[in-house]
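Note: the block below is data-v8.txt and it holds compact mmCIF, C-alpha atoms and all ligand atoms.
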# COMPACT_ATOMS: atom_id res chain seq x y z
CA MET A 1 24.92 58.60 -37.24
CA THR A 2 21.58 58.84 -39.01
CA LYS A 3 21.54 60.48 -42.40
CA LYS A 4 18.86 62.81 -43.70
CA ILE A 5 17.65 61.06 -46.81
CA ALA A 6 15.17 62.92 -49.01
CA PHE A 7 12.56 61.34 -51.27
CA PHE A 8 11.05 63.48 -54.01
CA ASP A 9 8.01 62.99 -56.26
CA SER A 10 5.42 65.09 -58.06
CA GLY A 11 2.93 63.99 -55.40
CA ILE A 12 2.38 61.08 -53.04
CA GLY A 13 3.60 58.35 -55.44
CA GLY A 14 7.14 58.39 -54.07
CA LEU A 15 5.75 57.23 -50.73
CA THR A 16 5.67 53.73 -52.24
CA VAL A 17 9.48 53.94 -52.47
CA LEU A 18 9.90 55.63 -49.08
CA HIS A 19 7.77 52.88 -47.52
CA THR A 20 10.21 50.25 -48.83
CA ALA A 21 13.10 52.24 -47.30
CA LEU A 22 11.28 52.58 -43.96
CA GLN A 23 10.78 48.84 -43.75
CA GLN A 24 14.44 48.11 -44.38
CA PHE A 25 16.00 51.07 -42.58
CA PRO A 26 13.48 52.29 -39.99
CA GLU A 27 16.12 54.05 -37.92
CA GLU A 28 17.23 56.60 -40.56
CA SER A 29 15.92 60.19 -40.81
CA TYR A 30 13.82 60.95 -43.87
CA ILE A 31 12.44 63.99 -45.69
CA TYR A 32 9.54 63.51 -48.11
CA TYR A 33 8.93 66.33 -50.60
CA ALA A 34 5.90 66.43 -52.94
CA ASP A 35 5.45 69.01 -55.69
CA THR A 36 1.76 69.43 -54.84
CA LEU A 37 1.59 72.70 -56.80
CA HIS A 38 2.31 70.92 -60.06
CA VAL A 39 1.23 67.27 -59.80
CA PRO A 40 0.66 65.49 -62.20
CA TYR A 41 3.90 65.71 -64.17
CA GLY A 42 3.11 62.90 -66.60
CA THR A 43 0.68 64.87 -68.75
CA LYS A 44 2.73 68.11 -68.99
CA SER A 45 5.56 69.14 -71.31
CA ALA A 46 9.16 68.13 -70.61
CA ASP A 47 10.43 71.73 -70.40
CA GLU A 48 7.77 72.78 -67.95
CA VAL A 49 8.30 69.78 -65.67
CA ARG A 50 12.09 70.17 -65.78
CA ARG A 51 11.71 73.69 -64.34
CA TYR A 52 9.55 72.38 -61.49
CA ILE A 53 12.02 69.61 -60.68
CA PHE A 54 14.98 72.01 -60.39
CA ALA A 55 13.04 74.30 -58.04
CA CYS A 56 11.96 71.38 -55.82
CA VAL A 57 15.42 69.83 -55.61
CA ASP A 58 16.83 73.23 -54.69
CA ALA A 59 14.31 73.46 -51.81
CA ILE A 60 15.17 69.91 -50.69
CA VAL A 61 18.90 70.65 -50.59
CA ARG A 62 18.15 73.77 -48.51
CA GLU A 63 16.36 71.50 -46.00
CA GLY A 64 19.71 69.80 -45.40
CA ALA A 65 19.30 66.55 -47.34
CA GLU A 66 22.47 64.47 -47.51
CA ALA A 67 21.15 62.26 -50.30
CA ILE A 68 18.13 62.46 -52.59
CA VAL A 69 16.08 59.65 -54.05
CA ILE A 70 14.20 60.88 -57.11
CA ALA A 71 11.22 58.63 -56.30
CA CYS A 72 9.58 59.47 -59.61
CA ASN A 73 10.26 57.75 -62.92
CA THR A 74 9.15 60.80 -64.87
CA ALA A 75 11.46 63.22 -63.03
CA THR A 76 14.37 60.79 -63.28
CA SER A 77 13.99 60.42 -67.04
CA LEU A 78 13.88 64.21 -67.47
CA ALA A 79 16.51 65.51 -65.09
CA VAL A 80 18.63 63.04 -63.14
CA ASN A 81 21.80 63.57 -65.17
CA ASP A 82 21.61 67.37 -64.92
CA LEU A 83 20.88 67.19 -61.17
CA ARG A 84 23.93 65.01 -60.63
CA SER A 85 26.12 67.54 -62.38
CA ILE A 86 24.76 70.39 -60.21
CA TYR A 87 24.72 68.85 -56.70
CA ASN A 88 27.52 67.22 -54.86
CA ILE A 89 25.44 64.70 -52.88
CA PRO A 90 24.29 61.20 -53.90
CA ILE A 91 21.26 61.40 -56.19
CA ILE A 92 19.52 58.08 -56.75
CA GLY A 93 17.13 57.88 -59.70
CA MET A 94 14.69 55.24 -60.81
CA GLU A 95 13.55 53.82 -64.12
CA PRO A 96 10.79 51.36 -65.05
CA ALA A 97 12.01 47.83 -64.21
CA VAL A 98 12.00 46.75 -67.87
CA LYS A 99 15.36 44.98 -67.77
CA PRO A 100 14.55 42.52 -64.95
CA ALA A 101 11.08 41.97 -66.47
CA VAL A 102 12.56 41.04 -69.87
CA GLU A 103 15.04 38.70 -68.16
CA MET A 104 12.24 37.01 -66.18
CA ASN A 105 10.50 36.10 -69.45
CA ARG A 106 13.57 35.31 -71.53
CA ASP A 107 12.87 31.56 -71.63
CA ASN A 108 9.07 31.39 -71.49
CA GLY A 109 8.37 33.52 -74.60
CA LYS A 110 5.92 35.73 -72.73
CA ARG A 111 5.51 39.46 -73.30
CA VAL A 112 6.10 42.34 -70.85
CA LEU A 113 3.57 45.08 -70.19
CA VAL A 114 4.95 48.39 -68.90
CA PHE A 115 2.71 51.00 -67.29
CA ALA A 116 4.33 54.45 -66.97
CA THR A 117 3.38 58.10 -67.52
CA ALA A 118 3.02 59.44 -71.07
CA LEU A 119 5.96 61.77 -70.39
CA THR A 120 8.25 58.92 -69.25
CA LEU A 121 7.26 56.84 -72.29
CA SER A 122 8.03 59.71 -74.67
CA GLN A 123 11.57 60.30 -73.35
CA THR A 124 14.77 59.17 -75.10
CA LYS A 125 15.96 57.63 -71.81
CA TYR A 126 13.02 55.19 -71.77
CA ASN A 127 13.18 54.42 -75.49
CA GLU A 128 16.92 53.75 -75.33
CA LEU A 129 16.37 51.47 -72.34
CA VAL A 130 13.78 49.44 -74.26
CA SER A 131 15.93 49.22 -77.43
CA ARG A 132 18.88 48.07 -75.30
CA VAL A 133 17.12 45.28 -73.40
CA ASP A 134 14.16 44.27 -75.56
CA ASP A 135 16.05 42.47 -78.33
CA GLU A 136 13.05 40.22 -79.12
CA HIS A 137 10.49 43.06 -79.25
CA ARG A 138 8.26 41.71 -76.55
CA VAL A 139 7.65 44.92 -74.55
CA ASP A 140 4.37 46.87 -74.79
CA SER A 141 3.81 50.08 -72.84
CA PHE A 142 1.03 52.49 -72.01
CA ALA A 143 0.04 55.21 -69.54
CA LEU A 144 -2.63 55.11 -66.84
CA PRO A 145 -3.04 58.84 -66.02
CA GLU A 146 -6.30 58.33 -64.08
CA LEU A 147 -4.40 56.33 -61.46
CA VAL A 148 -2.20 59.32 -60.62
CA GLU A 149 -5.22 61.58 -60.36
CA TRP A 150 -7.16 59.14 -58.14
CA CYS A 151 -4.16 58.39 -55.98
CA GLU A 152 -3.76 62.12 -55.27
CA GLN A 153 -7.42 62.15 -54.19
CA LEU A 154 -6.81 59.08 -51.94
CA GLU A 155 -9.33 57.21 -54.09
CA PHE A 156 -8.69 53.52 -53.45
CA ASP A 157 -12.18 52.08 -54.02
CA PRO A 158 -11.50 48.53 -55.31
CA VAL A 159 -14.77 48.30 -57.27
CA LYS A 160 -14.05 51.48 -59.24
CA ILE A 161 -10.36 50.65 -59.79
CA LYS A 162 -11.05 47.07 -60.86
CA ALA A 163 -13.58 48.29 -63.45
CA TYR A 164 -10.99 50.78 -64.71
CA PHE A 165 -8.26 48.14 -65.08
CA ARG A 166 -10.69 45.77 -66.82
CA SER A 167 -11.63 48.41 -69.38
CA LYS A 168 -7.98 49.42 -69.96
CA LEU A 169 -6.93 45.79 -70.46
CA ALA A 170 -9.98 44.71 -72.47
CA ASP A 171 -8.20 44.66 -75.85
CA LEU A 172 -5.18 42.69 -74.65
CA ASP A 173 -4.73 38.94 -74.68
CA LEU A 174 -3.37 38.67 -71.12
CA GLU A 175 -2.31 35.04 -71.61
CA GLN A 176 0.55 36.37 -73.77
CA TYR A 177 2.05 38.35 -70.89
CA GLY A 178 4.37 37.13 -68.14
CA THR A 179 5.09 40.36 -66.25
CA VAL A 180 3.56 43.77 -65.64
CA VAL A 181 5.93 46.61 -64.71
CA MET A 182 4.55 49.42 -62.54
CA GLY A 183 6.79 52.14 -64.05
CA CYS A 184 5.29 55.10 -62.19
CA THR A 185 5.62 55.34 -58.42
CA HIS A 186 1.93 56.17 -57.95
CA TYR A 187 0.81 52.90 -59.52
CA PRO A 188 1.96 50.46 -56.76
CA PHE A 189 -0.79 51.91 -54.54
CA TYR A 190 -3.01 49.79 -56.80
CA THR A 191 -0.91 46.61 -57.10
CA SER A 192 -3.17 44.46 -54.92
CA ILE A 193 -6.26 45.60 -56.87
CA LEU A 194 -4.54 44.94 -60.21
CA ARG A 195 -3.57 41.49 -58.88
CA GLN A 196 -7.28 40.65 -58.56
CA VAL A 197 -8.00 41.27 -62.27
CA MET A 198 -4.83 39.65 -63.67
CA PRO A 199 -4.40 35.96 -64.53
CA GLU A 200 -2.47 34.24 -61.73
CA HIS A 201 0.66 33.51 -63.77
CA ILE A 202 1.39 37.24 -64.34
CA GLN A 203 3.95 38.78 -62.00
CA ILE A 204 3.64 42.44 -61.06
CA VAL A 205 6.94 44.23 -60.38
CA ASP A 206 8.04 47.78 -59.56
CA GLY A 207 11.33 49.59 -59.07
CA SER A 208 11.16 50.23 -55.30
CA THR A 209 13.30 47.36 -54.05
CA GLY A 210 15.98 47.91 -56.71
CA THR A 211 16.09 51.62 -55.90
CA ILE A 212 16.44 51.03 -52.16
CA ASN A 213 19.18 48.46 -52.76
CA HIS A 214 20.99 51.07 -54.78
CA LEU A 215 20.52 53.64 -51.98
CA LYS A 216 21.83 51.12 -49.46
CA GLN A 217 24.99 50.56 -51.49
CA ARG A 218 25.59 54.28 -52.09
CA LEU A 219 25.17 55.27 -48.43
CA GLY A 220 26.43 52.08 -46.79
CA LEU A 221 23.13 51.65 -44.94
CA GLY A 222 22.31 48.64 -42.80
CA ILE A 223 25.80 48.21 -41.35
CA ARG A 224 24.35 48.54 -37.84
CA GLN A 225 22.35 45.68 -36.37
CA PRO A 226 18.65 46.04 -37.25
CA VAL A 227 16.64 47.42 -34.33
CA GLU A 228 14.59 44.74 -32.50
CA SER A 229 11.11 46.25 -32.75
CA THR A 230 10.48 47.19 -36.37
CA GLY A 231 6.71 46.62 -36.23
CA PRO A 232 4.19 49.14 -37.48
CA GLU A 233 3.91 50.78 -34.05
CA ARG A 234 7.54 51.89 -34.30
CA GLU A 235 7.89 55.68 -34.72
CA TRP A 236 9.38 56.64 -38.07
CA ASP A 237 11.36 59.85 -38.44
CA VAL A 238 9.82 61.42 -41.56
CA SER A 239 9.42 65.17 -42.15
CA PHE A 240 6.89 66.04 -44.84
CA PHE A 241 7.23 69.05 -47.16
CA SER A 242 5.28 70.21 -50.20
CA SER A 243 5.71 72.98 -52.73
CA ALA A 244 2.22 74.34 -51.93
CA GLU A 245 3.13 74.40 -48.21
CA ARG A 246 -0.44 73.45 -47.21
CA MET A 247 -1.21 71.67 -43.93
CA GLU A 248 -3.61 69.38 -45.77
CA ASP A 249 -0.76 68.17 -48.01
CA GLN A 250 1.03 66.88 -44.93
CA ASP A 251 -2.14 65.19 -43.67
CA LYS A 252 -2.60 63.54 -47.05
CA MET A 253 0.98 62.24 -47.10
CA ARG A 254 0.57 60.77 -43.59
CA ILE A 255 -2.73 59.08 -44.50
CA ALA A 256 -1.25 57.66 -47.72
CA LEU A 257 1.82 56.28 -45.92
CA GLN A 258 -0.43 54.68 -43.33
CA TYR A 259 -2.53 53.15 -46.16
CA LEU A 260 0.62 51.60 -47.69
CA ASN A 261 1.63 50.23 -44.31
CA GLU A 262 -1.77 48.81 -43.43
CA ASN A 263 -2.16 47.20 -46.85
CA LYS A 264 1.43 45.92 -46.89
CA LEU A 265 2.14 47.63 -50.23
N1 LIG B 301 5.02 59.31 -59.74
C1 LIG B 301 5.55 59.76 -60.95
C2 LIG B 301 6.35 58.73 -61.71
O1 LIG B 301 6.91 57.83 -61.12
C3 LIG B 301 4.81 60.77 -61.78
C4 LIG B 301 3.32 60.81 -61.78
C5 LIG B 301 2.81 62.12 -62.37
O2 LIG B 301 3.05 63.15 -61.72
O3 LIG B 301 2.24 62.10 -63.46
O4 LIG B 301 6.48 58.77 -62.89
Taking this structure as input, can you express it in the form of structure tokens?
Amino acid sequence: MTKKIAFFDSGIGGLTVLHTALQQFPEESYIYYADTLHVPYGTKSADEVRRYIFACVDAIVREGAEAIVIACNTATSLAVNDLRSIYNIPIIGMEPAVKPAVEMNRDNGKRVLVFATALTLSQTKYNELVSRVDDEHRVDSFALPELVEWCEQLEFDPVKIKAYFRSKLADLDLEQYGTVVMGCTHYPFYTSILRQVMPEHIQIVDGSTGTINHLKQRLGLGIRQPVESTGPEREWDVSFFSSAERMEDQDKMRIALQYLNENKL
């Protein structure tokens, strides 16, 4: 039996995580919910954003979700523990992939660069994660708020984005770094553009695959044989919802998902 699995984000960023799920489990039923009334979360206060998250998750549960992926690093760091104590369904969170990134560079002495929202970076959950895994103090982090804004406007112009990355990275000696962590689910929309301005040896990672593996374990997905035709022409069962309940929100989510699929992101 297919399960109704919900993905939640402040906006369209969580589609990068949903897209990973769709590629692995194309036969499941999905709900995607974007808080279009309040995006971006990353530049607001923790108390304000926490209120928005509770209202959205309440709406998602009323839509009949049997599991929820909080496809937003910011929302996870603010509310995942409270949500788990309120709802009796699996709630999968995500955090910047700092631990695997530190491990990848354990022997080569290289540093790790984490991009995440200002709100994620200010939370105890993130700072405890870094103190736990970064025993050699090789992790640097900063926010890229313009990427969230542009992503929500479906602005993917490579010339503009490359110039932005170059100016943001201008003061760093990139040779020192081994891995970049995309610690906000909007950022992987720009992974292939970032790739073009990064030295070749730098790996770019995000939390999507780890999160979907976790979902798979929790729900026992993938027990059935994979369906033969899983190409892009296959119909996916995704229902789109947004807090602003605007038709154009749904159009935007469809266009963004198609962009991820066409660009193999
Ligand atoms: N996509 C979100 C995250 O993973 C939040 C972006 C925002 O709303 O600022 O952190």
Mind listing the residues within 9 Å of ligand LIG 301 (chain B), only C-alpha atoms and all ligand atoms counted, as a PDB file with C-alpha atoms, in the frame of the given file?
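The resulting file, out-v5.pdb, is shown below:
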ATOM      1  CA  ASP A   9       8.010  62.990 -56.260  1.00  0.00           C
ATOM      2  CA  SER A  10       5.420  65.090 -58.060  1.00  0.00           C
ATOM      3  CA  GLY A  11       2.930  63.990 -55.400  1.00  0.00           C
ATOM      4  CA  ILE A  12       2.380  61.080 -53.040  1.00  0.00           C
ATOM      5  CA  GLY A  13       3.600  58.350 -55.440  1.00  0.00           C
ATOM      6  CA  GLY A  14       7.140  58.390 -54.070  1.00  0.00           C
ATOM      7  CA  ASP A  35       5.450  69.010 -55.690  1.00  0.00           C
ATOM      8  CA  HIS A  38       2.310  70.920 -60.060  1.00  0.00           C
ATOM      9  CA  VAL A  39       1.230  67.270 -59.800  1.00  0.00           C
ATOM     10  CA  PRO A  40       0.660  65.490 -62.200  1.00  0.00           C
ATOM     11  CA  TYR A  41       3.900  65.710 -64.170  1.00  0.00           C
ATOM     12  CA  GLY A  42       3.110  62.900 -66.600  1.00  0.00           C
ATOM     13  CA  THR A  43       0.680  64.870 -68.750  1.00  0.00           C
ATOM     14  CA  LYS A  44       2.730  68.110 -68.990  1.00  0.00           C
ATOM     15  CA  ILE A  70      14.200  60.880 -57.110  1.00  0.00           C
ATOM     16  CA  ALA A  71      11.220  58.630 -56.300  1.00  0.00           C
ATOM     17  CA  CYS A  72       9.580  59.470 -59.610  1.00  0.00           C
ATOM     18  CA  ASN A  73      10.260  57.750 -62.920  1.00  0.00           C
ATOM     19  CA  THR A  74       9.150  60.800 -64.870  1.00  0.00           C
ATOM     20  CA  ALA A  75      11.460  63.220 -63.030  1.00  0.00           C
ATOM     21  CA  THR A  76      14.370  60.790 -63.280  1.00  0.00           C
ATOM     22  CA  SER A  77      13.990  60.420 -67.040  1.00  0.00           C
ATOM     23  CA  MET A  94      14.690  55.240 -60.810  1.00  0.00           C
ATOM     24  CA  GLU A  95      13.550  53.820 -64.120  1.00  0.00           C
ATOM     25  CA  PRO A  96      10.790  51.360 -65.050  1.00  0.00           C
ATOM     26  CA  ALA A 116       4.330  54.450 -66.970  1.00  0.00           C
ATOM     27  CA  THR A 117       3.380  58.100 -67.520  1.00  0.00           C
ATOM     28  CA  ALA A 118       3.020  59.440 -71.070  1.00  0.00           C
ATOM     29  CA  LEU A 119       5.960  61.770 -70.390  1.00  0.00           C
ATOM     30  CA  THR A 120       8.250  58.920 -69.250  1.00  0.00           C
ATOM     31  CA  PRO A 145      -3.040  58.840 -66.020  1.00  0.00           C
ATOM     32  CA  LEU A 147      -4.400  56.330 -61.460  1.00  0.00           C
ATOM     33  CA  VAL A 148      -2.200  59.320 -60.620  1.00  0.00           C
ATOM     34  CA  GLU A 149      -5.220  61.580 -60.360  1.00  0.00           C
ATOM     35  CA  MET A 182       4.550  49.420 -62.540  1.00  0.00           C
ATOM     36  CA  GLY A 183       6.790  52.140 -64.050  1.00  0.00           C
ATOM     37  CA  CYS A 184       5.290  55.100 -62.190  1.00  0.00           C
ATOM     38  CA  THR A 185       5.620  55.340 -58.420  1.00  0.00           C
ATOM     39  CA  HIS A 186       1.930  56.170 -57.950  1.00  0.00           C
ATOM     40  CA  TYR A 187       0.810  52.900 -59.520  1.00  0.00           C
TER      41      TYR A 187
END
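You can rank A:Pro199, A:Gly207, A:Pro26, A:Pro158 by their closest distance to Gln176 of chain A using only C-alpha atoms, and at the top of that list sits A:Pro199.
Closest approach to Lys264 of chain A among A:Glu146, A:Thr191, A:Asp82, A:His137: A:Thr191, based on all atoms listed in the file.
Coordinates place atom CA of Val139 of chain A at a distance of 13.1 Å from atom CA of Leu174 of chain A.
The interatomic distance for the pair atom CA of Leu129 of chain A and atom CA of Val49 of chain A works out to 21.1 Å.
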_List as number ranges by chain the protein and nucleic acid residues near segment 132-135 of chain A, meaning an atom at most 9 Å away when only C-alpha atoms are counted, but skip any in the same chain fewer than 5 places from it._
A: 98-99, 102-103, 127
*Tell me which of A:Thr36, A:Leu172, A:Asp157, A:Phe189 sits closest to Ala256 of chain A, counting only C-alpha atoms.*
A:Phe189
*Could you name the residues that touch Thr211 of chain A at 8 Å or less, counting all atoms listed in the file, but leaving out those on the same chain fewer than 6 positions away, as an MDAnalysis selection string?*
chainID A and resid 17 92:94
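When only C-alpha atoms are used to measure the gap to Ala55 of chain A, the shortest distance among A:Ile31, A:Leu37, A:Val238, A:Ala143 belongs to A:Leu37.
Our summary of the geometry notes that atom CA of Lys168 of chain A is positioned 17.1 Å from atom CA of Leu121 of chain A.
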